[in-house]
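Participant: First the structure, then my questions, so here it is.
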There are 2 protein chains.
Amino acid sequence: MTTPPRHLPDPHHPRLTRAVEGHDQTGQRQSLRVVEERPLTIYLNAQEIVTAMTIGDYPEYLALGFLRNQGMLRPDDQVTAVEYDEELEVVIVRTTRQTSYEEKVKKKTRTSGCAVGTVFGDMMEGLEGLTLPQAELRTSWLYALARQVNTQPSLYLEAGAIHGTVLCQRDEMLVYMEDVGRHNAVDKIAGYMFQHGVGGADKILYTTGRLTSEMVIKTAQMGIPVLASRSGFTAWGVEIARQVGLTLIGRMRGQRFICLSGEERLIRDADLTAVPEEDRKHRRKGADA
Amino acid sequence: MTTPPRHLPDPHHPRLTRAVEGHDQTGQRQSLRVVEERPLTIYLNAQEIVTAMTIGDYPEYLALGFLRNQGMLRPDDQVTAVEYDEELEVVIVRTTRQTSYEEKVKKKTRTSGCAVGTVFGDMMEGLEGLTLPQAELRTSWLYALARQVNTQPSLYLEAGAIHGTVLCQRDEMLVYMEDVGRHNAVDKIAGYMFQHGVGGADKILYTTGRLTSEMVIKTAQMGIPVLASRSGFTAWGVEIARQVGLTLIGRMRGQRFICLSGEERLIRDADLTAVPEEDRKHRRKGADA
């Protein structure tokens, strides 16, 4: 088995940002780089499933991960092809199993929050009977990861207005995905894991976004027992994390963090006096939501 | 005609946050308040339209604004009732006009980004031939508004993990809505405007979130000529703003901001030497996305 590739952000990729001219507070002309936002229509075999707005890198991972997180692609499905047409902005996932999600696609409209980017009813289904694996989580890893994520050259640091999600193992970043929608970033990671047969049991998921119910559900579905963020919590996110036994760490800033679920995995091995306060220069700049 | 009510955040409302117990980095027990996230199913007459995840304040405004921003409720529609059932988590909007959006609801699933919380195809439709009104925008108002939004007691300052959108007139905040999804916050403002017959021509919309295509489209549909944010831009957001002639101001931090569209409305009347740098205490804390 080959080692899966490592993917880190490529902030200078010409397709991901665009220079735009404007003026600042003094009337001075300014050119700044802003992130792209493109439609990508995902098909599963003959059926059109959804059009997502994305920065457009890794369309194959996004398609696979979206379908996987929606339960339309099963863990044991044989994918025979993933065809991406850049011009048509379409990606087609083909499987040996015949698929038909007419009813499911219809149901989604009816019962779930397109308004907030979720297909909630369907997603909760996948959590029945789920138990996340035992794992240890050292605070020294958490601090090392936070430092790496906050200083890694990224579209966020280059152009802002974007979310990041990072698949980590111990104190190492394996895959750092960014996208205009944070659900795309996490879906691209799910697609990566599916394509390369990477398991979640020994992983940590780090997100720049909030710890909402939807993020918690997706993390649990990916079999990852730990979700960490510099942002805050929602009540339902905490509740679901406790139900499925996910370790939920939020409000990571410098030394500080709060663990609201799955405390038993935490090993406080870090020497807090050695953890620096956030470097102002590399601090994430604000509510870039 | 009566003056429409002013709505500011009510961060201590017991229904909007919940105390949750956890542990901090030192293992110390901590109780913190986190925002609620509840489903709200919106009906238009006999048809179930969508289930949104929301903090749950102002369900009537959310329903009206969502339907309005989707083009399912027309500006001249007579709303005969807005019935909210707290227990069932349902809100029903009734109109004199018979409505049927079976096809539209179906189309949404097919062509738009549930994955990113948008019903894009349909929303672009409403922009054909739209021209936003002339208006002046004084930088002194922008700085005054930014200071008020950042210091106004809010769920954001209380519990984090939430978005704010503020309807403003000159240097005054009229309605400050917060929600777990920023589209809910802006939809609640649209519902407010619809219910109270408030026009957008002399208003400014301020958001804590990013200036994406979707935010720009909704602002334009509400007839508001100015959208400002402390966050950043996406390329498509800028493009659409320029198409419809919307003034787009981003990256507002202390004295600094960038205007990428609609520069002609800007009047730089503020004395920049008198604009303070951001107060660290009240600074928005990070990528609470």
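Following the order of the structure tokens, first chain is A, next is B, and so on, with residues numbered from 1 inside each chain and ligands from 1 in the order they appear.
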So that I can check the surroundings of A:Gly181, please list as a PDB file with C-alpha atoms, in the first residue's frame every protein, DNA and RNA residue that reaches within 8 Å of it, counting only C-alpha atoms and ignoring chain neighbours fewer than 6 positions away.

Facilitator:
```
ATOM      1  CA  MET A  53     -20.010  26.872  -4.387  1.00  0.00           C
ATOM      2  CA  THR A  54     -16.313  26.171  -3.938  1.00  0.00           C
ATOM      3  CA  ILE A 162     -12.055  31.368   3.798  1.00  0.00           C
ATOM      4  CA  HIS A 163     -12.286  28.398   6.146  1.00  0.00           C
TER       5      HIS A 163
ATOM      6  CA  VAL B 116     -23.141  25.884   0.994  1.00  0.00           C
TER       7      VAL B 116
END
```

Participant: Could you name the residues that touch B:Gln134 at 9 Å or less, counting only C-alpha atoms, but leaving out those on the same chain fewer than 3 positions away, as a ChimeraX atom specification?

Facilitator: /B:201-202,225,265

Participant: Using only C-alpha atoms, which protein or nucleic acid residues come within 6 Å of stretch 247-254 of chain B? Drop anything in the same chain fewer than 3 positions from it, and give the result as a list in words.

Facilitator: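 With the cut-off at 6 Å, the set is Val226, Leu227, Ala228, Ser229, Arg230, Ser231, Gly232, Phe257, Ile258, Cys259, Leu260, Ser261, Gly262, Glu277 and Glu278 of chain B.
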
Participant: Using only C-alpha atoms, please write the residues we just selected to a file, as a compact mmCIF listing (two decimals), in the first residue's frame.

Facilitator:
```txt
# COMPACT_ATOMS: atom_id res chain seq x y z
CA VAL B 226 -24.43 49.56 0.93
CA LEU B 227 -22.97 46.41 2.50
CA ALA B 228 -20.11 46.69 4.99
CA SER B 229 -18.15 44.13 6.97
CA ARG B 230 -15.07 43.67 9.08
CA SER B 231 -14.45 40.46 7.13
CA GLY B 232 -13.13 39.83 3.66
CA PHE B 257 -11.22 49.54 5.25
CA ILE B 258 -11.27 48.66 1.57
CA CYS B 259 -14.01 49.63 -0.88
CA LEU B 260 -14.14 47.31 -3.92
CA SER B 261 -17.35 48.48 -5.55
CA GLY B 262 -19.62 51.52 -5.58
CA GLU B 277 -7.60 51.78 16.89
CA GLU B 278 -9.81 48.88 17.91
```

Participant: For stretch 83-97 of chain B, please output as a ChimeraX atom specification all residues within 12 Å (counting only C-alpha atoms; exclusion window: fewer than 4 positions along the same chain).

Facilitator: /A:111 /B:15,37-68,72-79,191,195

Participant: Next, write the just-selected residues to a file, as a tab-separated table (two decimals), in the first residue's frame, keeping N, CA and C atoms as the atom set.

Facilitator:
```
chain	number	residue	atom	x	y	z
A	111	THR	N	-37.15	18.48	4.24
A	111	THR	CA	-37.02	18.41	5.68
A	111	THR	C	-35.78	19.08	6.24
B	15	ARG	N	-33.65	31.64	26.71
B	15	ARG	CA	-33.91	30.65	25.67
B	15	ARG	C	-32.80	30.59	24.62
B	37	GLU	N	-29.26	26.11	19.13
B	37	GLU	CA	-29.38	25.86	17.69
B	37	GLU	C	-30.60	24.94	17.57
B	38	ARG	N	-31.69	25.44	17.01
B	38	ARG	CA	-32.91	24.65	16.95
B	38	ARG	C	-33.44	24.60	15.53
B	39	PRO	N	-34.14	23.53	15.20
B	39	PRO	CA	-34.78	23.49	13.89
B	39	PRO	C	-36.04	24.36	13.88
B	40	LEU	N	-36.28	25.01	12.76
B	40	LEU	CA	-37.53	25.74	12.56
B	40	LEU	C	-38.01	25.40	11.15
B	41	THR	N	-39.17	24.78	11.06
B	41	THR	CA	-39.70	24.39	9.75
B	41	THR	C	-40.67	25.47	9.27
B	42	ILE	N	-40.40	25.94	8.07
B	42	ILE	CA	-41.17	27.06	7.50
B	42	ILE	C	-42.14	26.54	6.46
B	43	TYR	N	-43.41	26.88	6.64
B	43	TYR	CA	-44.46	26.56	5.66
B	43	TYR	C	-44.92	27.85	5.00
B	44	LEU	N	-45.22	27.74	3.69
B	44	LEU	CA	-45.94	28.82	3.02
B	44	LEU	C	-47.30	28.23	2.65
B	45	ASN	N	-48.35	28.73	3.28
B	45	ASN	CA	-49.67	28.15	3.16
B	45	ASN	C	-49.58	26.64	3.42
B	46	ALA	N	-50.01	25.79	2.50
B	46	ALA	CA	-50.03	24.36	2.80
B	46	ALA	C	-48.71	23.66	2.52
B	47	GLN	N	-47.72	24.39	1.99
B	47	GLN	CA	-46.50	23.72	1.54
B	47	GLN	C	-45.33	23.89	2.49
B	48	GLU	N	-44.72	22.78	2.87
B	48	GLU	CA	-43.51	22.81	3.68
B	48	GLU	C	-42.36	23.24	2.78
B	49	ILE	N	-41.64	24.29	3.18
B	49	ILE	CA	-40.60	24.84	2.30
B	49	ILE	C	-39.20	24.40	2.73
B	50	VAL	N	-38.87	24.57	4.00
B	50	VAL	CA	-37.50	24.32	4.43
B	50	VAL	C	-37.47	24.18	5.95
B	51	THR	N	-36.45	23.49	6.46
B	51	THR	CA	-36.17	23.53	7.88
B	51	THR	C	-34.83	24.21	8.08
B	52	ALA	N	-34.84	25.31	8.81
B	52	ALA	CA	-33.61	26.06	9.07
B	52	ALA	C	-33.14	25.77	10.48
B	53	MET	N	-31.84	25.79	10.70
B	53	MET	CA	-31.30	25.70	12.05
B	53	MET	C	-31.06	27.12	12.54
B	54	THR	N	-31.66	27.46	13.67
B	54	THR	CA	-31.63	28.86	14.12
B	54	THR	C	-31.53	28.94	15.64
B	55	ILE	N	-31.13	30.10	16.16
B	55	ILE	CA	-31.15	30.26	17.62
B	55	ILE	C	-32.59	30.33	18.12
B	56	GLY	N	-33.52	30.71	17.27
B	56	GLY	CA	-34.92	30.59	17.64
B	56	GLY	C	-35.61	31.87	18.07
B	57	ASP	N	-34.91	33.02	18.06
B	57	ASP	CA	-35.62	34.26	18.33
B	57	ASP	C	-36.27	34.72	17.02
B	58	TYR	N	-37.27	35.50	17.06
B	58	TYR	CA	-37.93	36.07	15.89
B	58	TYR	C	-38.24	35.07	14.77
B	59	PRO	N	-38.90	33.95	15.08
B	59	PRO	CA	-39.22	32.97	14.03
B	59	PRO	C	-40.09	33.57	12.93
B	60	GLU	N	-40.95	34.52	13.29
B	60	GLU	CA	-41.84	35.12	12.28
B	60	GLU	C	-41.03	35.92	11.26
B	61	TYR	N	-40.08	36.74	11.75
B	61	TYR	CA	-39.23	37.49	10.82
B	61	TYR	C	-38.42	36.54	9.96
B	62	LEU	N	-37.91	35.47	10.58
B	62	LEU	CA	-37.07	34.53	9.82
B	62	LEU	C	-37.88	33.90	8.68
B	63	ALA	N	-39.11	33.50	9.00
B	63	ALA	CA	-39.94	32.86	7.97
B	63	ALA	C	-40.26	33.85	6.85
B	64	LEU	N	-40.70	35.04	7.22
B	64	LEU	CA	-41.04	36.04	6.21
B	64	LEU	C	-39.82	36.39	5.36
B	65	GLY	N	-38.71	36.61	6.02
B	65	GLY	CA	-37.49	37.03	5.30
B	65	GLY	C	-36.94	35.93	4.42
B	66	PHE	N	-37.00	34.69	4.91
B	66	PHE	CA	-36.53	33.58	4.08
B	66	PHE	C	-37.37	33.50	2.81
B	67	LEU	N	-38.68	33.52	2.97
B	67	LEU	CA	-39.57	33.41	1.81
B	67	LEU	C	-39.40	34.59	0.87
B	68	ARG	N	-39.21	35.76	1.46
B	68	ARG	CA	-39.01	36.98	0.66
B	68	ARG	C	-37.72	36.87	-0.14
B	72	MET	N	-40.34	33.71	-2.97
B	72	MET	CA	-41.61	32.99	-2.84
B	72	MET	C	-42.70	33.89	-2.27
B	73	LEU	N	-42.27	34.93	-1.61
B	73	LEU	CA	-43.20	35.94	-1.12
B	73	LEU	C	-42.88	37.19	-1.93
B	74	ARG	N	-43.92	37.75	-2.58
B	74	ARG	CA	-43.68	38.93	-3.42
B	74	ARG	C	-43.84	40.20	-2.60
B	75	PRO	N	-43.22	41.29	-3.06
B	75	PRO	CA	-43.28	42.53	-2.27
B	75	PRO	C	-44.72	42.95	-1.98
B	76	ASP	N	-45.64	42.66	-2.91
B	76	ASP	CA	-47.02	43.13	-2.74
B	76	ASP	C	-47.94	42.03	-2.18
B	77	ASP	N	-47.39	40.93	-1.73
B	77	ASP	CA	-48.24	39.87	-1.18
B	77	ASP	C	-48.91	40.33	0.12
B	78	GLN	N	-50.18	39.95	0.25
B	78	GLN	CA	-50.92	40.21	1.49
B	78	GLN	C	-50.73	39.02	2.41
B	79	VAL	N	-50.04	39.23	3.51
B	79	VAL	CA	-49.86	38.16	4.49
B	79	VAL	C	-51.02	38.24	5.48
B	191	GLY	N	-37.23	39.96	6.85
B	191	GLY	CA	-38.58	39.76	7.38
B	191	GLY	C	-39.08	40.98	8.14
B	195	GLN	N	-42.34	43.07	7.07
B	195	GLN	CA	-43.46	43.21	8.00
B	195	GLN	C	-43.80	44.66	8.32
```

Participant: Which residues are near B:Val180? Cut-off 12 Å, only C-alpha atoms, ignore same chain within fewer than 4 positions. Put them as a ChimeraX atom specification.

Facilitator: /A:115-117,209-214,232-237,289 /B:16-17,34-39,52-57,155-156,159-165,184-186,208-209,288-289

Participant: From a DSSP pass on the backbone, collect the residues of stretch 142-257 of chain B flagged as helix (DSSP H, G or I) and hand them back as a VMD selection string.

Facilitator: chain B and resid 142 to 151 155 to 159 182 to 196 213 to 221 235 to 244
